[in-house]
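**Q** Input upload.txt, format and content: compact mmCIF, C-alpha atoms.
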# COMPACT_ATOMS: atom_id res chain seq x y z
CA MET A 1 15.32 11.58 11.84
CA SER A 2 15.95 11.80 15.57
CA LYS A 3 18.15 9.25 17.27
CA PRO A 4 16.45 6.35 19.06
CA ASN A 5 16.58 5.70 22.77
CA SER A 6 19.62 3.41 23.00
CA GLU A 7 18.38 1.82 26.24
CA LYS A 8 15.43 0.27 24.36
CA VAL A 9 17.25 -0.93 21.27
CA ASP A 10 17.34 -4.57 22.43
CA LYS A 11 13.53 -4.65 22.58
CA ARG A 12 12.97 -3.90 18.90
CA PRO A 13 10.55 -6.32 17.23
CA ASN A 14 10.76 -7.82 13.80
CA ILE A 15 8.42 -6.04 11.37
CA VAL A 16 6.65 -7.78 8.50
CA PHE A 17 4.61 -5.48 6.27
CA ILE A 18 2.57 -7.24 3.58
CA MET A 19 0.87 -5.22 0.86
CA ALA A 20 -1.51 -6.60 -1.76
CA ASP A 21 -1.99 -4.82 -5.09
CA ASP A 22 -5.52 -3.66 -6.08
CA LEU A 23 -7.24 -5.84 -3.46
CA GLY A 24 -10.72 -4.52 -2.72
CA TYR A 25 -12.08 -3.91 0.77
CA GLY A 26 -14.58 -6.76 0.56
CA GLU A 27 -12.40 -9.51 -0.93
CA LEU A 28 -11.32 -11.29 2.26
CA GLY A 29 -13.42 -13.62 4.35
CA CYS A 30 -12.83 -11.53 7.47
CA TYR A 31 -14.30 -8.54 5.59
CA GLY A 32 -17.45 -10.39 4.59
CA CYS A 33 -16.47 -12.19 1.40
CA SER A 34 -18.06 -15.65 1.10
CA ASP A 35 -16.75 -16.89 -2.25
CA ILE A 36 -13.01 -16.16 -2.01
CA HIS A 37 -11.33 -18.37 0.58
CA THR A 38 -8.61 -16.58 2.54
CA PRO A 39 -8.10 -18.69 5.67
CA ASN A 40 -4.62 -17.42 6.48
CA LEU A 41 -5.49 -13.73 6.42
CA ASP A 42 -8.76 -14.47 8.20
CA ASN A 43 -6.79 -16.23 10.92
CA LEU A 44 -4.38 -13.30 11.12
CA ALA A 45 -7.40 -11.08 11.87
CA THR A 46 -8.63 -13.56 14.46
CA GLU A 47 -5.26 -13.37 16.19
CA GLY A 48 -5.04 -9.58 16.08
CA PHE A 49 -6.78 -6.39 14.98
CA ARG A 50 -8.97 -5.76 11.98
CA PHE A 51 -9.47 -2.13 10.91
CA THR A 52 -12.81 -1.00 9.52
CA ASP A 53 -11.78 2.57 8.63
CA PHE A 54 -8.33 2.19 7.15
CA TYR A 55 -7.21 4.04 4.02
CA ALA A 56 -4.56 3.90 1.36
CA ASN A 57 -2.62 7.11 0.91
CA ALA A 58 -3.79 7.20 -2.71
CA PRO A 59 -6.21 5.40 -5.03
CA VAL A 60 -3.29 4.15 -7.15
CA CYS A 61 -0.13 2.27 -6.31
CA SER A 62 3.05 4.39 -6.60
CA PRO A 63 1.89 7.26 -4.37
CA THR A 64 0.71 4.90 -1.62
CA ARG A 65 4.01 3.01 -1.66
CA ALA A 66 6.00 6.25 -1.59
CA ALA A 67 4.03 7.37 1.47
CA LEU A 68 4.77 4.08 3.22
CA LEU A 69 8.49 4.35 2.59
CA THR A 70 8.84 8.02 3.54
CA GLY A 71 6.22 8.34 6.28
CA GLY A 72 4.79 11.49 4.71
CA TYR A 73 2.23 12.57 2.19
CA GLN A 74 3.42 11.55 -1.27
CA GLN A 75 2.71 15.04 -2.60
CA ARG A 76 5.94 16.09 -0.88
CA LEU A 77 7.66 14.07 -3.61
CA GLY A 78 5.46 15.23 -6.46
CA MET A 79 3.84 11.80 -6.54
CA ASP A 80 0.14 12.39 -7.21
CA ASP A 81 -0.07 9.61 -9.77
CA ALA A 82 1.49 6.25 -10.61
CA LEU A 83 4.77 6.00 -12.47
CA TYR A 84 4.46 4.96 -16.08
CA TYR A 85 6.28 2.00 -17.62
CA GLN A 86 10.04 2.67 -17.56
CA GLU A 87 9.45 6.31 -16.54
CA MET A 88 12.71 7.85 -15.36
CA GLY A 89 13.43 10.91 -13.26
CA ARG A 90 10.61 10.60 -10.74
CA GLY A 91 9.84 8.68 -7.57
CA LEU A 92 11.66 8.62 -4.24
CA LYS A 93 14.25 11.31 -3.69
CA VAL A 94 17.70 10.25 -4.79
CA ASP A 95 19.17 11.72 -1.62
CA GLY A 96 16.15 11.14 0.59
CA GLU A 97 15.70 8.92 3.59
CA THR A 98 13.25 6.05 3.78
CA ILE A 99 12.01 4.00 6.68
CA ALA A 100 14.42 1.30 5.50
CA ASN A 101 17.36 3.69 5.95
CA ALA A 102 16.15 4.54 9.44
CA LEU A 103 15.61 0.95 10.57
CA LYS A 104 18.91 -0.12 9.06
CA SER A 105 20.70 2.60 11.04
CA VAL A 106 19.65 0.95 14.31
CA GLY A 107 20.56 -2.60 13.41
CA TYR A 108 17.66 -3.92 11.37
CA THR A 109 18.29 -6.01 8.29
CA THR A 110 15.93 -4.80 5.60
CA GLY A 111 14.42 -6.61 2.64
CA VAL A 112 11.78 -5.93 -0.01
CA PHE A 113 10.35 -8.76 -2.08
CA GLY A 114 7.86 -8.10 -4.86
CA LYS A 115 6.70 -4.85 -6.41
CA TRP A 116 8.75 -1.64 -6.05
CA HIS A 117 7.22 0.97 -8.42
CA VAL A 118 8.66 4.07 -6.74
CA GLY A 119 11.63 4.66 -9.03
CA TYR A 120 13.33 3.10 -12.04
CA ASP A 121 16.51 5.20 -11.86
CA PHE A 122 19.50 3.48 -10.26
CA GLU A 123 19.52 5.95 -7.35
CA ARG A 124 15.84 5.28 -6.69
CA ARG A 125 16.05 1.49 -6.58
CA PRO A 126 15.72 -0.53 -3.35
CA LEU A 127 19.40 -1.08 -2.53
CA GLN A 128 20.01 2.65 -2.93
CA GLN A 129 17.03 3.46 -0.70
CA GLY A 130 18.01 1.58 2.46
CA PHE A 131 17.21 -2.04 1.67
CA ASP A 132 19.81 -4.76 2.08
CA ASN A 133 17.90 -7.23 -0.07
CA PHE A 134 15.63 -6.93 -3.09
CA PHE A 135 13.97 -9.51 -5.28
CA GLY A 136 11.08 -8.54 -7.50
CA ILE A 137 10.04 -6.00 -10.11
CA LEU A 138 10.79 -2.31 -10.48
CA GLY A 139 7.58 -1.53 -12.34
CA GLY A 140 3.88 -1.61 -11.65
CA ASN A 141 2.96 -5.02 -13.09
CA HIS A 142 4.46 -7.82 -15.12
CA HIS A 143 3.67 -11.21 -16.64
CA TYR A 144 3.57 -13.63 -13.70
CA PHE A 145 5.38 -16.34 -15.70
CA GLU A 146 7.36 -14.56 -18.44
CA HIS A 147 8.41 -11.65 -16.20
CA MET A 148 8.19 -8.79 -18.69
CA ASP A 149 6.16 -5.62 -18.21
CA ARG A 150 3.22 -4.41 -20.25
CA ILE A 151 5.40 -2.84 -22.92
CA GLY A 152 7.58 -5.92 -23.24
CA VAL A 153 10.60 -4.95 -21.10
CA TYR A 154 11.99 -7.76 -18.94
CA ASP A 155 11.47 -6.87 -15.28
CA LEU A 156 12.70 -9.33 -12.65
CA TRP A 157 15.55 -8.28 -10.39
CA SER A 158 17.80 -9.57 -7.65
CA GLY A 159 19.50 -6.60 -6.06
CA ASN A 160 20.66 -4.28 -8.84
CA ASP A 161 20.77 -6.98 -11.51
CA THR A 162 18.14 -8.60 -13.67
CA ILE A 163 17.79 -12.31 -13.04
CA ILE A 164 16.35 -15.16 -15.07
CA ARG A 165 14.11 -17.26 -12.86
CA LYS A 166 11.35 -19.64 -13.89
CA GLY A 167 8.15 -19.76 -11.92
CA TYR A 168 5.03 -17.90 -10.82
CA THR A 169 5.93 -14.54 -9.33
CA THR A 170 3.73 -14.86 -6.24
CA ASN A 171 5.59 -18.05 -5.38
CA LEU A 172 9.03 -16.69 -6.25
CA ILE A 173 8.79 -13.67 -3.95
CA THR A 174 7.46 -15.90 -1.16
CA GLU A 175 10.45 -18.22 -1.44
CA GLU A 176 12.79 -15.24 -1.21
CA ALA A 177 10.93 -13.81 1.79
CA ILE A 178 11.10 -17.12 3.64
CA GLU A 179 14.83 -17.38 2.99
CA PHE A 180 15.25 -13.82 4.26
CA ILE A 181 13.47 -14.71 7.50
CA GLU A 182 15.57 -17.83 7.98
CA ASN A 183 18.80 -15.92 7.39
CA ASN A 184 17.90 -13.14 9.83
CA LYS A 185 16.11 -14.95 12.63
CA GLU A 186 18.75 -14.03 15.20
CA HIS A 187 18.42 -10.23 14.91
CA PRO A 188 15.73 -7.67 14.08
CA PHE A 189 14.53 -7.50 10.50
CA PHE A 190 12.13 -5.42 8.43
CA LEU A 191 10.44 -7.46 5.72
CA TYR A 192 8.38 -5.59 3.13
CA LEU A 193 6.48 -8.27 1.22
CA SER A 194 5.00 -6.34 -1.68
CA HIS A 195 2.69 -8.61 -3.63
CA LEU A 196 1.79 -8.00 -7.27
CA ALA A 197 -1.47 -9.94 -6.89
CA PRO A 198 -4.25 -9.47 -7.75
CA HIS A 199 -3.19 -6.74 -10.20
CA PHE A 200 -3.47 -7.50 -13.92
CA PRO A 201 -2.40 -9.31 -16.05
CA TYR A 202 -4.93 -11.78 -14.68
CA LEU A 203 -2.96 -15.01 -14.46
CA GLY A 204 -3.57 -17.64 -11.80
CA PRO A 205 -0.90 -20.12 -10.72
CA ASN A 206 -2.13 -22.67 -13.30
CA ASP A 207 -2.39 -20.24 -16.22
CA LYS A 208 1.12 -20.56 -17.64
CA GLU A 209 -0.19 -21.38 -21.11
CA LYS A 210 -2.80 -18.63 -21.24
CA ASP A 211 -2.31 -16.23 -24.13
CA VAL A 212 -1.41 -12.95 -22.41
CA ARG A 213 0.91 -10.67 -24.35
CA PRO A 214 2.49 -7.23 -23.81
CA ASN A 215 1.13 -4.36 -25.90
CA HIS A 216 -2.06 -6.35 -26.40
CA LYS A 217 -5.59 -6.15 -25.02
CA SER A 218 -5.13 -9.59 -23.44
CA TRP A 219 -2.85 -7.98 -20.84
CA GLN A 220 -5.75 -6.38 -19.00
CA GLN A 221 -8.84 -8.20 -20.23
CA GLU A 222 -10.22 -11.23 -18.41
CA LYS A 223 -13.86 -12.21 -18.09
CA ASP A 224 -13.60 -15.28 -15.89
CA PRO A 225 -13.84 -14.28 -12.21
CA GLN A 226 -12.32 -17.60 -11.20
CA THR A 227 -8.94 -16.40 -12.51
CA TYR A 228 -9.01 -13.44 -10.16
CA ILE A 229 -10.23 -15.59 -7.29
CA SER A 230 -7.38 -18.05 -7.81
CA MET A 231 -4.86 -15.19 -7.68
CA VAL A 232 -6.17 -13.96 -4.33
CA GLU A 233 -6.47 -17.43 -2.87
CA TYR A 234 -2.94 -18.35 -3.94
CA MET A 235 -1.59 -15.12 -2.47
CA ASP A 236 -3.33 -16.01 0.79
CA SER A 237 -1.79 -19.49 0.79
CA GLU A 238 1.70 -18.07 0.17
CA ILE A 239 1.24 -15.50 2.95
CA GLY A 240 0.30 -18.48 5.10
CA ARG A 241 3.68 -20.05 4.36
CA VAL A 242 5.44 -16.89 5.55
CA LEU A 243 3.37 -16.79 8.74
CA GLU A 244 4.05 -20.47 9.36
CA LYS A 245 7.80 -19.90 9.00
CA ILE A 246 7.66 -17.12 11.59
CA LYS A 247 5.78 -19.44 13.95
CA ASN A 248 8.07 -22.42 13.41
CA LEU A 249 11.16 -20.34 14.09
CA GLY A 250 9.69 -19.18 17.40
CA LEU A 251 9.50 -15.55 16.25
CA SER A 252 5.78 -14.88 16.73
CA ASN A 253 6.16 -13.15 20.09
CA ARG A 254 8.64 -10.66 18.68
CA THR A 255 7.18 -10.05 15.24
CA LEU A 256 4.55 -7.50 14.26
CA VAL A 257 2.73 -8.52 11.07
CA VAL A 258 0.65 -5.99 9.12
CA PHE A 259 -1.41 -6.67 6.00
CA THR A 260 -3.12 -4.11 3.78
CA SER A 261 -3.71 -3.11 0.14
CA ASP A 262 -2.24 -0.22 -1.85
CA ASN A 263 -5.67 0.96 -3.07
CA GLY A 264 -9.18 -0.29 -3.74
CA GLY A 265 -10.19 -2.86 -6.31
CA ALA A 266 -10.15 -1.94 -10.00
CA HIS A 267 -13.35 -1.47 -12.02
CA TYR A 268 -11.97 -3.64 -14.85
CA ALA A 269 -11.16 -6.62 -12.62
CA PRO A 270 -13.18 -9.75 -13.49
CA TYR A 271 -14.10 -10.01 -9.82
CA ASN A 272 -14.24 -6.97 -7.62
CA ARG A 273 -15.64 -6.38 -4.16
CA ASN A 274 -15.22 -2.90 -2.75
CA ALA A 275 -18.52 -3.41 -0.93
CA PRO A 276 -20.09 -1.76 0.89
CA PHE A 277 -18.44 1.26 -0.68
CA THR A 278 -18.90 3.23 -3.88
CA GLY A 279 -16.17 3.64 -6.46
CA TYR A 280 -13.00 1.91 -7.59
CA LYS A 281 -9.26 2.27 -7.92
CA ALA A 282 -8.16 5.67 -9.31
CA SER A 283 -11.05 7.56 -7.70
CA LEU A 284 -11.36 9.10 -4.25
CA TRP A 285 -14.74 7.61 -3.53
CA GLU A 286 -14.44 5.24 -0.58
CA GLY A 287 -14.11 2.21 -2.85
CA GLY A 288 -10.91 3.65 -4.29
CA ILE A 289 -9.13 4.34 -1.00
CA ARG A 290 -10.78 2.38 1.86
CA VAL A 291 -8.80 -0.85 2.16
CA PRO A 292 -8.55 -3.92 4.38
CA CYS A 293 -5.94 -3.72 7.12
CA ILE A 294 -4.95 -6.32 9.70
CA ALA A 295 -2.31 -6.14 12.44
CA SER A 296 -1.19 -9.06 14.59
CA TRP A 297 1.55 -9.50 17.18
CA HIS A 298 1.25 -12.67 19.22
CA GLY A 299 1.33 -12.04 22.96
CA VAL A 300 1.42 -8.26 22.56
CA LEU A 301 -1.70 -7.15 20.70
CA PRO A 302 -5.04 -8.49 21.90
CA ALA A 303 -6.67 -11.10 19.67
CA GLY A 304 -9.94 -10.88 17.76
CA GLU A 305 -10.33 -7.13 18.04
CA VAL A 306 -12.00 -4.78 15.57
CA THR A 307 -11.14 -1.09 15.58
CA ALA A 308 -12.85 1.88 13.98
CA GLN A 309 -9.72 3.98 14.40
CA VAL A 310 -9.22 5.96 11.19
CA GLY A 311 -5.80 5.09 9.79
CA ILE A 312 -3.78 5.55 6.63
CA THR A 313 -0.79 3.80 5.06
CA MET A 314 1.83 6.24 6.31
CA ASP A 315 0.72 5.64 9.91
CA TRP A 316 2.56 2.34 9.79
CA SER A 317 5.80 4.16 9.02
CA SER A 318 5.38 6.24 12.18
CA THR A 319 4.43 3.14 14.14
CA PHE A 320 7.50 1.20 12.97
CA LEU A 321 9.83 4.09 13.82
CA ARG A 322 8.45 4.30 17.34
CA LEU A 323 8.86 0.53 17.77
CA ALA A 324 12.49 0.96 16.73
CA ASN A 325 12.76 3.59 19.50
CA PHE A 326 12.93 6.72 17.41
CA ASP A 327 11.39 8.96 20.03
CA ALA A 328 10.33 12.03 18.07
CA LYS A 329 8.82 12.68 14.68
CA TYR A 330 11.11 13.84 11.93
CA GLU A 331 10.35 16.92 9.87
CA LYS A 332 8.20 15.48 7.06
CA GLU A 333 6.50 12.67 8.96
CA ASP A 334 2.72 12.95 8.62
CA GLY A 335 1.44 9.71 10.15
CA ILE A 336 0.67 8.76 13.74
CA ASN A 337 1.84 5.92 15.95
CA LEU A 338 -1.00 3.40 16.04
CA MET A 339 0.49 1.14 18.68
CA PRO A 340 -0.72 2.99 21.83
CA ILE A 341 -4.26 2.94 20.41
CA LEU A 342 -4.12 -0.77 19.59
CA LEU A 343 -2.70 -1.54 23.03
CA GLY A 344 -5.45 0.45 24.72
CA ASP A 345 -3.04 2.98 26.21
CA LYS A 346 -4.75 5.80 24.31
CA PRO A 347 -8.33 6.26 23.10
CA GLU A 348 -9.13 6.26 19.41
CA GLN A 349 -8.03 9.57 17.89
CA GLU A 350 -9.98 11.93 15.69
CA ARG A 351 -8.25 12.37 12.34
CA THR A 352 -8.18 14.78 9.45
CA LEU A 353 -6.78 13.13 6.31
CA PHE A 354 -6.27 14.46 2.79
CA TRP A 355 -6.07 13.00 -0.69
CA ARG A 356 -5.34 14.36 -4.13
CA ILE A 357 -4.81 12.70 -7.48
CA LYS A 358 -4.01 14.36 -10.77
CA SER A 359 -2.25 13.71 -14.05
CA GLY A 360 1.52 13.38 -14.12
CA PRO A 361 4.07 14.13 -16.81
CA VAL A 362 3.35 10.92 -18.73
CA ARG A 363 -0.13 9.78 -17.69
CA LYS A 364 -2.43 12.51 -18.97
CA THR A 365 -5.81 10.84 -18.64
CA SER A 366 -6.24 10.70 -14.88
CA PRO A 367 -9.15 12.79 -13.57
CA GLU A 368 -8.37 15.31 -10.86
CA TYR A 369 -9.87 14.67 -7.45
CA TRP A 370 -9.47 16.11 -3.98
CA ALA A 371 -10.84 14.69 -0.76
CA VAL A 372 -10.64 15.37 2.94
CA ARG A 373 -12.00 13.29 5.80
CA ASP A 374 -12.45 15.14 9.07
CA ASN A 375 -13.75 12.73 11.69
CA SER A 376 -16.90 11.34 10.04
CA TRP A 377 -17.30 14.13 7.48
CA LYS A 378 -15.87 13.71 4.00
CA LEU A 379 -15.67 16.28 1.24
CA LEU A 380 -15.01 15.04 -2.30
CA ILE A 381 -14.25 17.41 -5.19
CA GLU A 382 -14.20 16.25 -8.79
CA LYS A 383 -12.55 18.81 -11.05
CA ALA A 384 -13.18 16.58 -14.03
CA GLU A 385 -16.87 17.07 -13.36
CA ASN A 386 -16.83 20.88 -13.28
CA ASN A 387 -15.76 21.07 -9.67
CA ASN A 388 -18.67 18.99 -8.43
CA ARG A 389 -18.62 18.83 -4.65
CA PHE A 390 -19.97 16.07 -2.49
CA LEU A 391 -20.30 16.07 1.27
CA PHE A 392 -20.96 12.85 3.16
CA ASP A 393 -21.38 11.79 6.75
CA LEU A 394 -19.51 8.49 6.56
CA LYS A 395 -20.76 7.31 9.93
CA ALA A 396 -24.37 7.48 8.76
CA ASP A 397 -23.71 6.92 5.05
CA PRO A 398 -20.57 4.84 4.36
CA GLY A 399 -21.81 4.11 0.84
CA GLU A 400 -21.73 7.84 -0.04
CA SER A 401 -25.25 7.87 -1.42
CA ASN A 402 -26.57 11.05 0.21
CA ASN A 403 -24.84 14.29 -0.79
CA LEU A 404 -25.28 16.80 2.05
CA ILE A 405 -23.55 19.72 0.35
CA GLU A 406 -26.69 21.88 0.29
CA GLU A 407 -27.70 21.04 3.85
CA HIS A 408 -24.29 21.81 5.37
CA PRO A 409 -22.46 24.39 3.20
CA GLU A 410 -20.61 25.68 6.26
CA ILE A 411 -18.99 22.29 6.83
CA ALA A 412 -17.99 22.08 3.18
CA ASP A 413 -16.45 25.56 3.29
CA ARG A 414 -14.45 24.64 6.40
CA LEU A 415 -13.12 21.49 4.77
CA VAL A 416 -12.17 23.37 1.61
CA LYS A 417 -10.10 25.76 3.71
CA GLN A 418 -8.41 22.85 5.46
CA LEU A 419 -7.66 21.28 2.09
CA ARG A 420 -6.05 24.48 0.77
CA ILE A 421 -3.84 24.79 3.84
CA TRP A 422 -2.78 21.16 3.45
CA GLU A 423 -1.92 21.61 -0.23
CA GLU A 424 0.29 24.58 0.55
CA SER A 425 2.10 22.57 3.22
CA VAL A 426 2.92 19.51 1.11
CA ASP A 427 3.45 20.68 -2.47
CA CYS A 428 7.02 20.47 -3.70
CA ASP A 429 8.88 23.72 -4.28
CA THR A 430 10.42 22.33 -7.44
CA ILE A 431 9.59 19.18 -9.37
CA VAL A 432 11.93 18.29 -12.19
CA TYR A 433 10.93 15.53 -14.57
CA HIS A 434 13.37 13.75 -16.89
CA ASN A 435 11.50 11.61 -19.38
Could you write out this file's structure as structure tokens?

**A**
Amino acid sequence: MSKPNSEKVDKRPNIVFIMADDLGYGELGCYGCSDIHTPNLDNLATEGFRFTDFYANAPVCSPTRAALLTGGYQQRLGMDDALYYQEMGRGLKVDGETIANALKSVGYTTGVFGKWHVGYDFERRPLQQGFDNFFGILGGNHHYFEHMDRIGVYDLWSGNDTIIRKGYTTNLITEEAIEFIENNKEHPFFLYLSHLAPHFPYLGPNDKEKDVRPNHKSWQQEKDPQTYISMVEYMDSEIGRVLEKIKNLGLSNRTLVVFTSDNGGAHYAPYNRNAPFTGYKASLWEGGIRVPCIASWHGVLPAGEVTAQVGITMDWSSTFLRLANFDAKYEKEDGINLMPILLGDKPEQERTLFWRIKSGPVRKTSPEYWAVRDNSWKLLIEKAENNNRFLFDLKADPGESNNLIEEHPEIADRLVKQLRIWEESVDCDTIVYHN
């Protein structure tokens, strides 16, 4: 990465990036939900920007999180799919550089609290990837009270060591995040608050005695939507505690807060609202990748704004680097700096974004999908369905109900060519798996 402008270093803001897990587009009050109460996130939107056309880098968790941490398409790391339980030999590069490394190099204290899921190997864990502090889980999900993963391996860590801690995970990571803020209030910090909620196993804060076991159907099955609702509402209340701490310490004017989700809501969730979009997690229909996104910075960003700027997870990496005064993009950075657009210094930009998901070395059941959005046009290819192609005008048809592939074959052909060029530019030269 290029060196920052040293004359601006003293103006660096605190950065708080909050990511929910499997939260659907329509599951917050500020996105139209009437029966899940999320007053803290709704208020965050009232105080800042709400995005209508924001995307996750992938329809599943690990690839999106890898894109956030590296600032580039996850395919550069061979990360088209999510890591499996205790899968070794894959994830972030062992000698790579993350946004945490970059921010740390210019004086930020860095901390991640919650879900990691971008590498089990020692060299791929948070403290070896630029973070000063880590409390949470290495895997993709775990029992919110017993703290083991789906195959029964204990998964709760403090730094590089497992730790025994009683309590509900959503609360535990909040406590650690608040302590991190208190300890670093005098100098710039980067806080990555990576929630597990509302990912399965579906356990609300009062469900300690519920029979949910690893290697058992109870881990993923839940029919009562109230359980899911309680998980989202409790996450919102705990996020509210973090926001209140920032306010009480007088840090609001120098802290950018961003909230989003790692992908769309899951089809098996007992309550799911990807409305008004079609599809779910693990697919490249809009419901799998279009996610809520809110950005607030008191006294800097205007309040109560809604933007149709097309954005994607890795854009925040580029934005954070520019705020830390890294003047130029580094070699594999694929996002854009959103701040000039949010501040009104630049008009909304036209974007061309790409997605791909396919099976990995362990998970063999994932369907293969490709998608490209070019301004309002979107091409979706489903290899699992004999290379079915769908072309949508998302401005006129956000629900993807009207396939225009026969009416506009020339647009589809152009997007296919763009997709092929993109694939050639991001695919790894060599991917070595050690399982």

**Q** Give the answer as one residue: which of A:Leu321, A:Tyr25, A:Ile178, A:Gln309 has the shortest atom-to-atom distance to Ser105 in chain A, using all atoms listed in the file?

**A**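 When distances to Ser105 in chain A are compared using all atoms listed in the file, the smallest one comes from A:Leu321.
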
**Q** If you count all atoms listed in the file, which residues fall within 12 Å of Gly167 in chain A, apart from same-chain ones fewer than 2 positions away, as a ChimeraX atom specification?

**A** /A:143-147,156,164-165,169-175,204-208

**Q** May I have the protein, DNA and RNA residues with an atom at most 10 Å from (-10.3, 14.9, 7.6), counting all atoms listed in the file in the file's coordinates, returned as a list in words?

**A** Val310, Glu350, Arg351, Thr352, Leu353, Phe354, Trp355, Ala371, Val372, Arg373, Asp374, Asn375, Ser376, Trp377, Lys378, Leu379, Leu415, Gln418 and Leu419 of chain A

**Q** Keeping C-alpha atoms, export the residues of the selection given above as a PDB file, in the frame of the given file.

**A**
ATOM      1  CA  VAL A 310      -9.220   5.960  11.190  1.00  0.00           C
ATOM      2  CA  GLU A 350      -9.980  11.930  15.690  1.00  0.00           C
ATOM      3  CA  ARG A 351      -8.250  12.370  12.340  1.00  0.00           C
ATOM      4  CA  THR A 352      -8.180  14.780   9.450  1.00  0.00           C
ATOM      5  CA  LEU A 353      -6.780  13.130   6.310  1.00  0.00           C
ATOM      6  CA  PHE A 354      -6.270  14.460   2.790  1.00  0.00           C
ATOM      7  CA  TRP A 355      -6.070  13.000  -0.690  1.00  0.00           C
ATOM      8  CA  ALA A 371     -10.840  14.690  -0.760  1.00  0.00           C
ATOM      9  CA  VAL A 372     -10.640  15.370   2.940  1.00  0.00           C
ATOM     10  CA  ARG A 373     -12.000  13.290   5.800  1.00  0.00           C
ATOM     11  CA  ASP A 374     -12.450  15.140   9.070  1.00  0.00           C
ATOM     12  CA  ASN A 375     -13.750  12.730  11.690  1.00  0.00           C
ATOM     13  CA  SER A 376     -16.900  11.340  10.040  1.00  0.00           C
ATOM     14  CA  TRP A 377     -17.300  14.130   7.480  1.00  0.00           C
ATOM     15  CA  LYS A 378     -15.870  13.710   4.000  1.00  0.00           C
ATOM     16  CA  LEU A 379     -15.670  16.280   1.240  1.00  0.00           C
ATOM     17  CA  LEU A 415     -13.120  21.490   4.770  1.00  0.00           C
ATOM     18  CA  GLN A 418      -8.410  22.850   5.460  1.00  0.00           C
ATOM     19  CA  LEU A 419      -7.660  21.280   2.090  1.00  0.00           C
TER      20      LEU A 419
END

**Q** Which residue, A:Thr307, A:Thr109, A:Asn133, A:Asn274, has the smallest gap to Thr52 in chain A when you use only C-alpha atoms?

**A**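 Distance minimum relative to Thr52 in chain A lands on A:Thr307.
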
**Q** Could you tell me how far CA of Pro63 in chain A sits from CA of Asn402 in chain A, in Å to one decimal place?

**A**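 Taking CA of Asn402 in chain A as the start and CA of Pro63 in chain A as the end point, the length is 29.1 Å.
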
**Q** Using all atoms listed in the file, which residue out of A:Trp316, A:Phe259, A:Phe392, A:Trp297 lies closest to Asn40 in chain A?

**A** A:Phe259

**Q** Of the candidates A:Ala20, A:Val60, A:Leu404, A:Leu28, which one gets nearest to Arg273 in chain A if we count all atoms listed in the file?

**A**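 Ranked by minimum distance to Arg273 in chain A, first place goes to A:Leu28.
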
**Q** In the coordinates of the file, take the point (9.0, -7.5, 6.6) and a cut-off of 7 Å; then, counting only C-alpha atoms, name each qualifying protein, DNA or RNA residue as a ChimeraX atom specification.

**A** /A:15-17,111,189-193

**Q** Can you measure CA of Phe390 in chain A to CA of Phe54 in chain A for me? One decimal in Å is fine.

**A**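 Distance reported for this atom pair: 20.5 Å.
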
**Q** Given all atoms listed in the file as the basis, pick out the residue of A:Gly265, A:Pro340, A:Gly240, A:Pro59 nearest to Ala197 in chain A.

**A** A:Gly265

**Q** May I ask which of the residues A:Lys185, A:Lys115, A:Arg124, A:Lys223 is the closest one to Gly139 in chain A, counting only C-alpha atoms?

**A**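 Distance minimum relative to Gly139 in chain A lands on A:Lys115.
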
**Q** Grab the CA of Asp345 in chain A to CA of Lys104 in chain A distance for me, in Å with one decimal place.

**A**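 The value is 28.0 Å.
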
**Q** Tell me, as an MDAnalysis selection string, which residues lie within 8 Å of Pro201 in chain A, counting all atoms listed in the file; anything in the same chain fewer than 2 positions away does not count.

**A** chainID A and resid 141:144 199 203 212 218:221

**Q** Need the shell around Asp95 in chain A: protein/DNA/RNA residues with any atom at most 9 Å away, counting only C-alpha atoms. Skip same-chain ones fewer than 3 positions apart. Format as a PyMOL selection string?

**A** chain A and resi 92+123-124+129

**Q** Set the distance at 10 Å and use all atoms listed in the file: which residues neighbour His267 in chain A once local chain neighbours fewer than 3 positions away are removed? I'd like the list as a list of chain:residue names.

**A**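 Near neighbours after the sequence-gap exclusion: A:Gly264, A:Pro270, A:Tyr271, A:Asn272, A:Arg273, A:Asn274, A:Gly279, A:Tyr280, A:Lys281, A:Ala282, A:Gly287, A:Gly288.
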
**Q** Considering all atoms listed in the file, return as a list in words whatever protein or nucleic-acid residues lie within 10 Å of His187 in chain A, sequence-local ones (same chain, fewer than 4 positions apart) excluded.

**A**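 Here the answer would be Asp10, Arg12, Pro13, Asn14, Gly107, Tyr108, Thr109, Ile181 and Asn183 of chain A.
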